[in-house]
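J.: Structure file structure-v5.cif (mmCIF, C-alpha atoms) is given on the next line.
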```cif
data_my_file
#
loop_
_atom_site.label_atom_id
_atom_site.label_comp_id
_atom_site.auth_asym_id
_atom_site.auth_seq_id
_atom_site.Cartn_x
_atom_site.Cartn_y
_atom_site.Cartn_z
CA MET A 256 -75.02 -36.00 -37.61
CA PRO A 257 -72.08 -38.35 -37.12
CA LYS A 258 -68.60 -36.91 -36.72
CA ALA A 259 -66.18 -37.05 -39.56
CA GLN A 260 -63.54 -39.69 -39.07
CA LYS A 261 -60.04 -38.28 -38.62
CA PRO A 262 -57.06 -40.17 -40.00
CA LYS A 263 -55.06 -41.96 -37.34
CA ARG A 264 -51.63 -40.53 -36.70
CA ASN A 265 -49.98 -43.76 -35.62
CA GLY A 266 -52.13 -46.34 -37.32
CA SER A 267 -50.88 -49.64 -38.59
CA ALA A 268 -47.36 -48.91 -39.79
CA HIS A 269 -46.54 -49.86 -43.36
CA SER A 270 -43.82 -52.48 -43.10
CA SER A 271 -42.67 -52.13 -46.70
CA PRO A 272 -39.71 -49.80 -47.27
CA TYR A 273 -41.01 -48.96 -50.74
CA GLY A 274 -44.53 -48.03 -49.72
CA THR A 275 -45.97 -44.87 -51.24
CA SER A 276 -48.21 -43.85 -48.33
CA SER A 277 -47.27 -41.46 -45.56
CA HIS A 278 -46.55 -44.45 -43.30
CA ALA A 279 -43.61 -45.66 -45.38
CA ILE A 280 -40.47 -46.38 -43.37
CA PHE A 281 -38.27 -44.62 -45.90
CA LYS A 282 -38.47 -43.43 -49.45
CA MET A 283 -36.64 -45.09 -52.30
CA LYS A 284 -33.62 -43.27 -53.71
CA THR A 285 -34.41 -43.40 -57.40
CA ASP A 286 -31.38 -41.21 -58.16
CA ILE A 287 -29.15 -44.22 -57.36
CA GLY A 288 -31.39 -46.68 -59.20
CA GLN A 289 -33.49 -48.08 -56.35
CA HIS A 290 -36.41 -49.81 -58.08
CA VAL A 291 -37.34 -52.97 -56.18
CA LEU A 292 -38.51 -55.99 -58.18
CA LYS A 293 -41.87 -56.82 -56.59
CA ASN A 294 -43.17 -59.57 -58.89
CA PRO A 295 -42.22 -62.96 -57.34
CA GLY A 296 -42.86 -64.77 -60.61
CA VAL A 297 -40.31 -62.66 -62.47
CA ALA A 298 -37.79 -63.08 -59.63
CA GLN A 299 -38.21 -66.88 -59.77
CA ALA A 300 -37.79 -66.89 -63.57
CA ILE A 301 -34.52 -64.95 -63.29
CA VAL A 302 -33.13 -67.44 -60.77
CA ASP A 303 -34.21 -70.41 -62.88
CA LYS A 304 -32.40 -69.02 -65.96
CA ALA A 305 -29.12 -68.96 -64.01
CA ASP A 306 -29.03 -72.79 -63.74
CA LEU A 307 -27.58 -72.62 -60.23
CA LYS A 308 -25.82 -75.53 -58.56
CA GLN A 309 -25.82 -76.32 -54.86
CA SER A 310 -22.10 -75.51 -54.72
CA ASP A 311 -22.36 -72.07 -56.36
CA ILE A 312 -21.36 -68.79 -54.74
CA VAL A 313 -23.58 -66.05 -56.16
CA LEU A 314 -22.80 -62.33 -56.32
CA GLU A 315 -25.87 -60.08 -56.18
CA VAL A 316 -25.48 -56.36 -56.84
CA GLY A 317 -28.20 -54.19 -55.34
CA PRO A 318 -30.27 -56.73 -53.37
CA GLY A 319 -32.82 -54.11 -52.27
CA THR A 320 -35.30 -55.61 -49.83
CA GLY A 321 -34.19 -59.17 -50.61
CA ASN A 322 -37.02 -60.39 -52.86
CA LEU A 323 -34.49 -61.89 -55.26
CA THR A 324 -31.98 -62.79 -52.54
CA VAL A 325 -34.22 -65.24 -50.69
CA LYS A 326 -34.95 -67.15 -53.91
CA ILE A 327 -31.23 -67.40 -54.74
CA LEU A 328 -30.52 -68.76 -51.23
CA GLU A 329 -32.92 -71.63 -51.89
CA LYS A 330 -30.63 -73.00 -54.63
CA ALA A 331 -27.10 -71.67 -54.01
CA LYS A 332 -24.48 -72.42 -51.40
CA LYS A 333 -23.84 -68.77 -50.53
CA VAL A 334 -24.92 -65.26 -51.58
CA ILE A 335 -22.64 -62.23 -51.46
CA ALA A 336 -24.87 -59.15 -51.62
CA VAL A 337 -23.26 -55.77 -52.38
CA GLU A 338 -25.39 -52.80 -51.32
CA LEU A 339 -24.66 -49.07 -51.35
CA ASP A 340 -27.56 -47.96 -49.13
CA PRO A 341 -27.19 -48.93 -45.43
CA ARG A 342 -30.98 -48.97 -45.03
CA MET A 343 -31.33 -51.61 -47.72
CA ALA A 344 -28.46 -53.62 -46.27
CA ALA A 345 -30.30 -53.72 -42.93
CA GLU A 346 -33.56 -54.65 -44.66
CA VAL A 347 -32.13 -57.63 -46.55
CA THR A 348 -30.44 -58.84 -43.37
CA LYS A 349 -33.78 -58.80 -41.55
CA ARG A 350 -35.33 -61.02 -44.22
CA VAL A 351 -33.20 -63.98 -43.14
CA GLN A 352 -32.61 -63.07 -39.51
CA GLY A 353 -33.10 -66.10 -37.24
CA LYS A 354 -33.27 -68.49 -40.20
CA PRO A 355 -30.70 -71.07 -41.38
CA GLU A 356 -30.16 -68.96 -44.54
CA ALA A 357 -28.63 -66.18 -42.44
CA LYS A 358 -25.34 -68.09 -42.23
CA ARG A 359 -25.15 -68.28 -46.02
CA LEU A 360 -25.72 -64.57 -46.64
CA GLU A 361 -22.85 -62.07 -46.63
CA VAL A 362 -23.72 -58.39 -47.07
CA LEU A 363 -20.97 -56.02 -48.27
CA LEU A 364 -21.66 -52.32 -47.84
CA GLY A 365 -20.12 -50.04 -50.47
CA ASP A 366 -19.82 -49.18 -54.16
CA VAL A 367 -19.40 -52.32 -56.23
CA CYS A 368 -17.47 -50.44 -58.94
CA LYS A 369 -14.79 -49.36 -56.45
CA MET A 370 -14.33 -52.47 -54.33
CA GLU A 371 -12.28 -55.60 -54.85
CA LEU A 372 -14.74 -58.40 -55.52
CA PRO A 373 -14.32 -61.81 -53.85
CA TYR A 374 -14.53 -65.09 -55.73
CA PHE A 375 -17.96 -65.98 -57.12
CA ASP A 376 -19.35 -68.44 -59.66
CA VAL A 377 -22.47 -66.63 -60.90
CA CYS A 378 -23.66 -63.04 -60.82
CA ILE A 379 -27.39 -62.29 -60.59
CA SER A 380 -28.36 -58.66 -60.37
CA ASN A 381 -31.26 -56.26 -60.72
CA THR A 382 -28.65 -53.75 -61.84
CA PRO A 383 -29.01 -50.07 -60.94
CA TYR A 384 -29.21 -48.45 -64.37
CA GLN A 385 -26.63 -45.76 -63.49
CA ILE A 386 -23.82 -48.33 -63.20
CA SER A 387 -24.78 -50.67 -66.04
CA SER A 388 -21.72 -49.97 -68.19
CA PRO A 389 -18.99 -49.94 -65.49
CA LEU A 390 -20.48 -53.01 -63.81
CA THR A 391 -20.50 -54.94 -67.09
CA THR A 392 -16.87 -54.01 -67.72
CA LYS A 393 -15.88 -55.01 -64.19
CA LEU A 394 -17.57 -58.40 -64.43
CA LEU A 395 -16.02 -59.23 -67.82
CA SER A 396 -12.53 -58.27 -66.63
CA HIS A 397 -12.85 -60.14 -63.32
CA SER A 398 -10.35 -62.92 -62.76
CA PRO A 399 -11.25 -65.73 -62.65
CA PRO A 400 -14.27 -65.01 -64.85
CA PRO A 401 -17.72 -66.11 -63.59
CA ARG A 402 -19.54 -68.98 -65.24
CA CYS A 403 -22.38 -66.69 -66.29
CA CYS A 404 -24.06 -63.39 -65.39
CA ILE A 405 -27.83 -62.82 -65.36
CA LEU A 406 -28.31 -59.04 -65.37
CA THR A 407 -31.36 -56.80 -65.58
CA TYR A 408 -30.72 -53.72 -67.72
CA GLN A 409 -32.62 -50.86 -69.22
CA LEU A 410 -34.14 -52.11 -72.48
CA GLU A 411 -32.16 -49.76 -74.74
CA PHE A 412 -28.90 -50.67 -72.99
CA ALA A 413 -29.65 -54.37 -73.50
CA GLN A 414 -30.32 -53.73 -77.19
CA ARG A 415 -26.94 -52.02 -77.50
CA LEU A 416 -25.25 -55.08 -75.99
CA LEU A 417 -26.91 -57.29 -78.61
CA ALA A 418 -26.45 -54.91 -81.57
CA THR A 419 -24.65 -56.11 -84.71
CA PRO A 420 -22.41 -54.12 -87.13
CA SER A 421 -24.22 -51.60 -89.38
CA SER A 422 -27.17 -51.34 -86.99
CA SER A 423 -28.06 -47.96 -85.50
CA LEU A 424 -27.36 -49.12 -81.92
CA PHE A 425 -23.97 -50.71 -82.68
CA SER A 426 -21.32 -49.02 -80.52
CA ARG A 427 -18.09 -49.47 -78.59
CA LEU A 428 -20.13 -51.13 -75.81
CA SER A 429 -21.39 -53.75 -78.28
CA LEU A 430 -17.91 -54.65 -79.49
CA ASN A 431 -16.33 -54.69 -76.04
CA THR A 432 -19.00 -56.99 -74.65
CA GLN A 433 -19.20 -59.35 -77.61
CA MET A 434 -15.41 -59.60 -77.76
CA PHE A 435 -15.15 -61.09 -74.28
CA ALA A 436 -18.56 -62.78 -73.77
CA HIS A 437 -21.46 -64.50 -75.50
CA VAL A 438 -24.55 -62.31 -75.12
CA SER A 439 -28.14 -63.54 -75.28
CA HIS A 440 -31.53 -62.05 -74.43
CA ILE A 441 -33.72 -63.81 -71.87
CA MET A 442 -36.90 -61.79 -71.38
CA LYS A 443 -38.41 -58.33 -71.12
CA ILE A 444 -39.78 -56.93 -67.87
CA GLY A 445 -42.51 -54.29 -67.78
CA ARG A 446 -42.03 -51.20 -65.64
CA ASN A 447 -45.03 -52.11 -63.45
CA ASN A 448 -43.10 -55.08 -62.04
CA PHE A 449 -40.97 -52.64 -60.04
CA LYS A 450 -41.80 -50.36 -57.17
CA PRO A 451 -41.50 -47.48 -57.68
CA PRO A 452 -41.86 -48.09 -61.43
CA PRO A 453 -38.97 -46.74 -63.53
CA ALA A 454 -39.52 -44.48 -66.53
CA VAL A 455 -38.28 -47.14 -68.99
CA GLU A 456 -38.82 -50.80 -69.78
CA SER A 457 -36.27 -53.39 -68.64
CA SER A 458 -34.71 -56.50 -70.10
CA VAL A 459 -32.83 -59.51 -68.68
CA VAL A 460 -29.60 -60.51 -70.46
CA ARG A 461 -27.26 -63.47 -70.04
CA LEU A 462 -23.50 -62.90 -70.37
CA VAL A 463 -21.29 -65.99 -70.65
CA PRO A 464 -17.57 -65.05 -70.61
CA LYS A 465 -15.55 -66.72 -73.35
CA LYS A 466 -13.19 -69.50 -72.30
CA PRO A 467 -10.36 -69.21 -72.88
CA ARG A 468 -10.43 -65.44 -72.65
CA PRO A 469 -9.15 -63.67 -75.82
CA GLN A 470 -5.41 -63.11 -75.46
CA ILE A 471 -5.41 -59.37 -76.08
CA SER A 472 -4.91 -56.45 -73.74
CA TRP A 473 -8.18 -54.94 -72.57
CA GLU A 474 -6.55 -51.49 -72.35
CA GLU A 475 -5.22 -51.72 -75.93
CA TRP A 476 -8.52 -52.98 -77.34
CA ASP A 477 -10.67 -50.43 -75.51
CA GLY A 478 -8.24 -47.61 -76.35
CA LEU A 479 -8.50 -48.38 -80.07
CA LEU A 480 -12.29 -48.48 -79.94
CA ARG A 481 -12.49 -45.22 -78.01
CA ILE A 482 -10.73 -43.44 -80.89
CA ALA A 483 -12.69 -45.20 -83.62
CA PHE A 484 -16.11 -44.62 -82.05
CA VAL A 485 -15.76 -40.95 -81.09
CA ARG A 486 -17.77 -40.42 -84.28
CA LYS A 487 -18.93 -43.83 -85.38
CA ASN A 488 -20.22 -42.52 -88.72
CA ARG A 489 -16.87 -40.97 -89.68
CA THR A 490 -14.33 -42.90 -91.71
CA LEU A 491 -11.39 -44.36 -89.83
CA ARG A 492 -9.05 -42.11 -91.85
CA ALA A 493 -10.83 -39.03 -90.53
CA GLY A 494 -10.95 -40.43 -87.01
CA PHE A 495 -7.20 -41.10 -86.83
CA LEU A 496 -5.59 -38.63 -89.25
CA GLY A 497 -8.11 -35.80 -89.09
CA THR A 498 -7.82 -35.09 -85.36
CA SER A 499 -4.68 -33.46 -83.96
CA SER A 500 -5.36 -34.64 -80.39
CA VAL A 501 -5.44 -38.29 -81.55
CA LEU A 502 -2.15 -37.93 -83.42
CA GLU A 503 -0.56 -36.25 -80.39
CA LEU A 504 -1.73 -39.14 -78.20
CA LEU A 505 -0.33 -41.75 -80.59
CA GLU A 506 2.93 -39.82 -80.89
CA GLY A 507 3.34 -39.81 -77.10
CA ASN A 508 2.60 -43.53 -76.93
CA TRP A 509 5.09 -44.22 -79.73
CA ARG A 510 7.81 -42.28 -77.89
CA THR A 511 7.09 -44.35 -74.79
CA TRP A 512 7.34 -47.56 -76.82
CA CYS A 513 10.68 -46.44 -78.25
CA ALA A 514 12.02 -45.66 -74.77
CA GLN A 515 10.95 -49.08 -73.46
CA ASN A 516 12.55 -50.89 -76.41
CA ASP A 517 15.82 -48.89 -76.51
CA VAL A 518 15.01 -47.35 -79.90
CA ARG A 519 16.78 -44.07 -80.53
CA VAL A 520 14.53 -41.29 -81.82
CA GLU A 521 15.86 -38.42 -83.91
CA ASP A 522 13.53 -35.46 -83.66
CA GLY A 523 13.39 -31.91 -84.96
CA PRO A 524 11.30 -29.68 -87.21
CA VAL A 525 10.43 -30.92 -90.67
CA GLU A 526 11.97 -29.02 -93.58
CA GLU A 527 9.54 -27.16 -95.77
CA GLY A 528 8.41 -29.23 -98.70
CA LYS A 529 9.41 -32.52 -97.06
CA GLY A 530 6.58 -33.04 -94.61
CA GLY A 531 3.16 -34.52 -95.09
CA VAL A 532 1.89 -37.95 -95.84
CA GLY A 533 4.19 -38.56 -98.78
CA MET A 534 7.41 -38.09 -96.81
CA GLU A 535 10.13 -40.71 -97.01
CA VAL A 536 10.22 -43.06 -94.03
CA ASP A 537 12.97 -45.60 -93.62
CA GLY A 538 11.77 -46.99 -90.29
CA LEU A 539 14.22 -48.61 -87.90
CA GLY A 540 17.89 -48.85 -88.73
CA LYS A 541 18.98 -52.46 -89.05
CA GLU A 542 22.32 -52.05 -87.31
CA THR A 543 21.99 -49.14 -84.88
CA GLY A 544 18.29 -49.39 -84.11
CA GLU A 545 18.00 -45.66 -84.77
CA VAL A 546 14.84 -44.22 -86.19
CA VAL A 547 15.70 -42.51 -89.50
CA VAL A 548 13.26 -39.91 -90.73
CA GLY A 549 14.10 -37.87 -93.85
CA GLU A 550 17.35 -35.93 -94.03
CA ALA A 551 19.30 -34.37 -91.20
CA GLU A 552 18.82 -30.70 -90.47
CA GLU A 553 19.95 -28.15 -87.93
CA GLU A 554 18.63 -28.49 -84.41
CA TRP A 555 15.78 -26.16 -83.60
CA GLY A 556 16.11 -24.35 -80.29
CA GLY A 557 12.43 -23.57 -79.86
CA ILE A 558 12.77 -19.76 -80.12
CA MET A 559 12.69 -17.90 -83.42
CA ASP A 560 14.84 -14.81 -83.94
CA VAL A 561 12.71 -11.87 -85.01
CA ASP A 562 13.84 -8.60 -86.59
CA GLU A 563 12.34 -5.45 -85.18
CA ASP A 564 10.72 -4.60 -88.50
CA GLU A 565 9.30 -8.12 -89.05
CA VAL A 566 5.58 -8.73 -89.35
CA HIS A 567 3.62 -11.85 -90.20
CA LEU A 568 3.41 -12.62 -93.89
CA SER A 569 -0.25 -13.45 -93.40
CA ASP A 570 -0.85 -9.78 -92.51
CA TYR A 571 -0.17 -8.70 -96.10
CA ASP A 572 -2.59 -8.80 -99.00
CA SER A 573 -1.85 -10.36 -102.38
CA ASP A 574 -0.04 -7.22 -103.50
CA GLY A 575 2.27 -7.18 -100.50
CA VAL A 576 0.47 -4.29 -98.81
CA PRO A 577 -0.11 -4.69 -95.04
CA PHE A 578 -3.67 -4.54 -93.75
CA TYR A 579 -3.72 -1.22 -91.89
CA VAL A 580 -6.99 0.19 -90.65
CA ASP A 581 -6.94 3.45 -88.72
CA GLY A 582 -3.20 3.21 -88.24
CA GLU A 583 -3.27 -0.35 -86.78
CA LEU A 584 -2.26 -3.62 -88.36
CA LYS A 585 -5.34 -5.87 -88.25
CA SER A 586 -5.24 -9.60 -87.72
CA LYS A 587 -6.80 -12.27 -89.90
CA SER A 588 -9.77 -12.61 -87.56
CA ARG A 589 -10.62 -8.90 -87.87
CA ARG A 590 -10.12 -9.04 -91.64
CA LYS A 591 -12.50 -11.98 -91.86
CA GLN A 592 -15.17 -9.91 -90.11
CA GLN A 593 -14.57 -7.24 -92.77
CA GLY A 594 -15.19 -9.68 -95.62
CA GLY A 595 -11.88 -11.53 -95.92
CA MET A 596 -11.81 -15.07 -97.28
CA MET A 597 -8.94 -16.44 -95.16
CA ASP A 598 -9.53 -19.14 -92.52
CA VAL A 599 -8.99 -18.11 -88.91
CA ASP A 600 -7.06 -19.92 -86.21
CA GLU A 601 -8.83 -19.44 -82.88
CA ASP A 602 -5.53 -19.24 -81.01
CA GLU A 603 -4.03 -16.49 -83.19
CA PRO A 604 -3.60 -13.10 -81.42
CA GLU A 605 -5.74 -10.33 -82.84
CA PHE A 606 -3.19 -7.48 -83.07
CA LEU A 607 0.52 -6.83 -83.40
CA ASP A 608 1.80 -3.93 -81.31
CA PRO A 609 3.19 -1.08 -83.47
CA ASP A 610 6.29 0.80 -82.41
CA SER A 611 6.70 4.59 -82.42
CA ASN A 612 7.05 4.58 -86.19
CA GLY A 613 3.89 2.55 -86.71
CA VAL A 614 5.76 -0.68 -87.58
CA ALA A 615 4.19 -3.80 -86.15
CA ILE A 616 6.47 -5.70 -83.74
CA PRO A 617 5.56 -9.21 -82.56
CA THR A 618 4.96 -9.51 -78.82
CA ALA A 619 5.67 -12.50 -76.58
CA LYS A 620 2.12 -13.67 -77.20
CA HIS A 621 2.68 -13.68 -80.96
CA LEU A 622 6.03 -15.45 -80.62
CA SER A 623 4.37 -18.13 -78.48
CA TYR A 624 1.72 -18.64 -81.13
CA SER A 625 4.34 -18.77 -83.90
CA ASN A 626 6.41 -21.34 -82.00
CA LYS A 627 3.28 -23.38 -81.34
CA ARG A 628 2.63 -23.58 -85.07
CA LYS A 629 6.26 -24.57 -85.72
CA ARG A 630 6.49 -27.47 -83.26
CA LYS A 631 5.35 -30.10 -85.76
CA GLY A 632 8.43 -32.28 -86.12
CA LYS A 633 9.84 -35.43 -87.60
CA VAL A 634 8.34 -37.80 -85.05
CA ALA A 635 4.86 -36.39 -85.61
CA GLU A 636 5.21 -36.92 -89.36
CA LEU A 637 6.61 -40.41 -88.84
CA VAL A 638 3.70 -41.45 -86.64
CA ARG A 639 1.24 -39.96 -89.10
CA GLU A 640 2.83 -41.92 -91.93
CA LYS A 641 2.72 -45.14 -89.91
CA VAL A 642 -0.99 -44.69 -89.20
CA ARG A 643 -1.71 -43.84 -92.83
CA ARG A 644 0.18 -46.92 -94.04
CA VAL A 645 -1.73 -49.20 -91.68
CA LEU A 646 -5.13 -47.78 -92.64
CA GLU A 647 -4.59 -47.60 -96.39
CA ASP A 648 -2.02 -50.22 -97.33
CA GLU A 649 -2.04 -53.00 -94.73
CA THR A 650 -5.69 -53.22 -93.65
CA GLY A 651 -7.59 -51.26 -96.33
CA LEU A 652 -9.92 -49.86 -93.66
CA ALA A 653 -9.24 -46.17 -94.27
CA ASP A 654 -12.59 -45.52 -95.97
CA ARG A 655 -14.62 -47.82 -93.73
CA ARG A 656 -16.83 -46.34 -91.02
CA ALA A 657 -16.51 -47.62 -87.46
CA ARG A 658 -20.11 -48.78 -87.20
CA HIS A 659 -19.69 -50.97 -90.31
CA CYS A 660 -16.56 -52.75 -89.01
CA ASP A 661 -16.85 -56.01 -87.12
CA GLU A 662 -14.70 -57.66 -84.48
CA GLY A 663 -12.33 -59.18 -87.03
CA ASP A 664 -11.69 -55.81 -88.71
CA PHE A 665 -10.68 -54.16 -85.45
CA LEU A 666 -8.47 -57.11 -84.50
CA ARG A 667 -6.60 -56.75 -87.81
CA LEU A 668 -6.29 -53.01 -87.24
CA LEU A 669 -4.99 -53.45 -83.68
CA TRP A 670 -2.46 -56.08 -84.78
CA ALA A 671 -1.16 -53.87 -87.62
CA MET A 672 -0.90 -50.82 -85.35
CA ASN A 673 1.00 -52.74 -82.67
CA LYS A 674 3.36 -54.14 -85.32
CA GLU A 675 4.25 -50.54 -86.25
CA GLY A 676 4.84 -49.66 -82.60
CA ILE A 677 1.56 -47.72 -82.28
CA HIS A 678 -0.16 -48.49 -78.98
CA PHE A 679 -3.28 -47.20 -77.25
CA SER A 680 -2.61 -47.66 -73.54
#
```
Kindly present the structure from the file in structure tokens form.
T.:
Amino acid sequence: MPKAQKPKRNGSAHSSPYGTSSHAIFKMKTDIGQHVLKNPGVAQAIVDKADLKQSDIVLEVGPGTGNLTVKILEKAKKVIAVELDPRMAAEVTKRVQGKPEAKRLEVLLGDVCKMELPYFDVCISNTPYQISSPLTTKLLSHSPPPRCCILTYQLEFAQRLLATPSSSLFSRLSLNTQMFAHVSHIMKIGRNNFKPPPAVESSVVRLVPKKPRPQISWEEWDGLLRIAFVRKNRTLRAGFLGTSSVLELLEGNWRTWCAQNDVRVEDGPVEEGKGGVGMEVDGLGKETGEVVVGEAEEEWGGIMDVDEDEVHLSDYDSDGVPFYVDGELKSKSRRKQQGGMMDVDEDEPEFLDPDSNGVAIPTAKHLSYSNKRKRKGKVAELVREKVRRVLEDETGLADRRARHCDEGDFLRLLWAMNKEGIHFS
């Protein structure tokens, strides 16, 4: 009976770095998007769609083992390959070692999103899916802009780049990309054309930066869209006026704008009955440049004087009787658990400490909460009124939802906001 053949320990070594057998030189790091394009026909089609010239300098992000790199070197003057993995950088260098193409290949080791990119004419990349969005932003903001970019993305990401207003995939990414570049779809790539195959299908997209570049600030434009698309199905009125954090951000930016333009700001608490959207706003004084908001009132020092016998009015019922349970004055949150109908503020303290006579006395924690509720001042109301006027009166976009607005709508909104001194960067 013949002997069973034993597998050789050091048989013919697998020369491919993406081999799946036990003889592979190293395993692919799929967590950083290492999926090597193995189909030479697809690689050639990508290079052909770039319309390269013999004088072009090409930037390639994530060259892998060099399957796409060697085809680019056949048509371009020079290739600058940016690679994060040192093993892959060594592998792509070996592909052209000892050949004339070696002098035209420059390999940069590092993270493309964190490095300063050199000059290049065209970008061709089998993009790691994890950096699709930051890489796209970096390429579109690069100066001078490239002639075109041929990028391989995840299929859903590519669909978001091409999405139009009112579609389910329309997002901030769609507007940002289409504002600064012409986007077109080239072809789809099946997952079996990569090794190891990814879990999703891929798509090749062409980005052609607009020339001249739109004369707007990228930070201002992106800042506006970040606020509008936090909830893209909400109305713009709810997105801007219904969120306290957004109004606080805009108030801080408006104060900065006033400081930079030598505009004097008069601040202080708003008198009862004079706040809200319908407050009178006179804007900037013509002669002094002072911001006039409502009528003058006494300066608020930030600390409220409290009598020893004082308790919160909200701790009384409709008949003026305090809510005492077992000798303790209960807060609104405890009363709600017992069937009360009043809304609860999450930051409100639960109890007031009673003195020896059983009278509730506010503690430092309660005073801090009370002062926090009182800090809404003239500038906050002024900024709120400015935003309301822009949304309702000047642009008429208050009841529009972000995903239904197009590029022109957001440009009108940004222009009107900036005219009022409201900025987003």
J.: At most 8 Å from (0.3, -43.5, -75.9), file frame, all atoms listed in the file: which residues, as a PyMOL selection string?
T.: chain A and resi 504-511+677-680
J.: Please tell me which residues are no farther than 8 Å from (-28.9, -56.8, -59.7) in the file, counting all atoms listed in the file, and write them as number ranges by chain.
T.: A: 315-318, 379-383, 406-407
J.: Selected by the PyMOL selection byres ((chain A and resi 335-347) around 9) in the shown coordinates: which residues, as a PyMOL selection string?
T.: chain A and resi 272+281+284+287+312-322+324-325+333-334+348-352+359-367+373+375
J.: What does the structure give for the distance between atom CA of Thr391 of chain A and atom CA of Gln470 of chain A, in Å to one decimal?
T.: 19.1 Å
J.: For Ile301 of chain A, work out the shell of residues within 12 Å, counting only C-alpha atoms and skipping chain neighbours fewer than 6 positions away, then give it as an MDAnalysis selection string.
T.: chainID A and resid 292 294:295 307 322:324 326:327 378:381 404:407 440:444 458:461
J.: Using the chain letters and residue numbers of this document, give as a ChimeraX atom specification the residues selected by the PyMOL selection byres ((chain A and resi 309) around 10).
T.: /A:307-308,310-312,328-333
J.: Interatomic distance between atom CA of Pro452 of chain A and atom CA of Cys403 of chain A?
T.: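 These atoms are spaced 27.4 Å apart.
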J.: What is the atom CA of Leu410 of chain A-atom CA of Ala454 of chain A distance in Å, reported with one decimal?
T.: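 Here the two named atoms are 11.1 Å from each other.
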J.: Name the residues that the PyMOL selection byres ((chain A and resi 467) around 12) pulls out of this structure, and write them as a list in words.
T.: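 Given this file, the PyMOL selection byres ((chain A and resi 467) around 12) evaluates to Ser398, Pro399, Pro400, Arg402, Met434, Phe435, Ala436, Val463, Pro464, Lys465, Lys466, Arg468, Pro469, Gln470 and Ile471 of chain A.
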J.: Using all atoms listed in the file, which protein or nucleic acid residues come within 10 Å of Arg415 of chain A? Drop anything in the same chain fewer than 6 positions from it, and give the result as a list of chain:residue names.
T.: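 My reading of the contact set: A:Ser422, A:Ser423, A:Leu424, A:Phe425, A:Ser426, A:Arg427, A:Leu428, A:Ser429, A:Leu430, A:Thr432.
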J.: Write out as a list in words the residues lying within 10 Å of Glu649 of chain A, counting only C-alpha atoms and excluding same-chain residues fewer than 4 positions away.
T.: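 Using only C-alpha atoms, the neighbours found are Arg643, Arg644, Val645, Ala653, Arg667, Leu668, Ala671 and Met672 of chain A.
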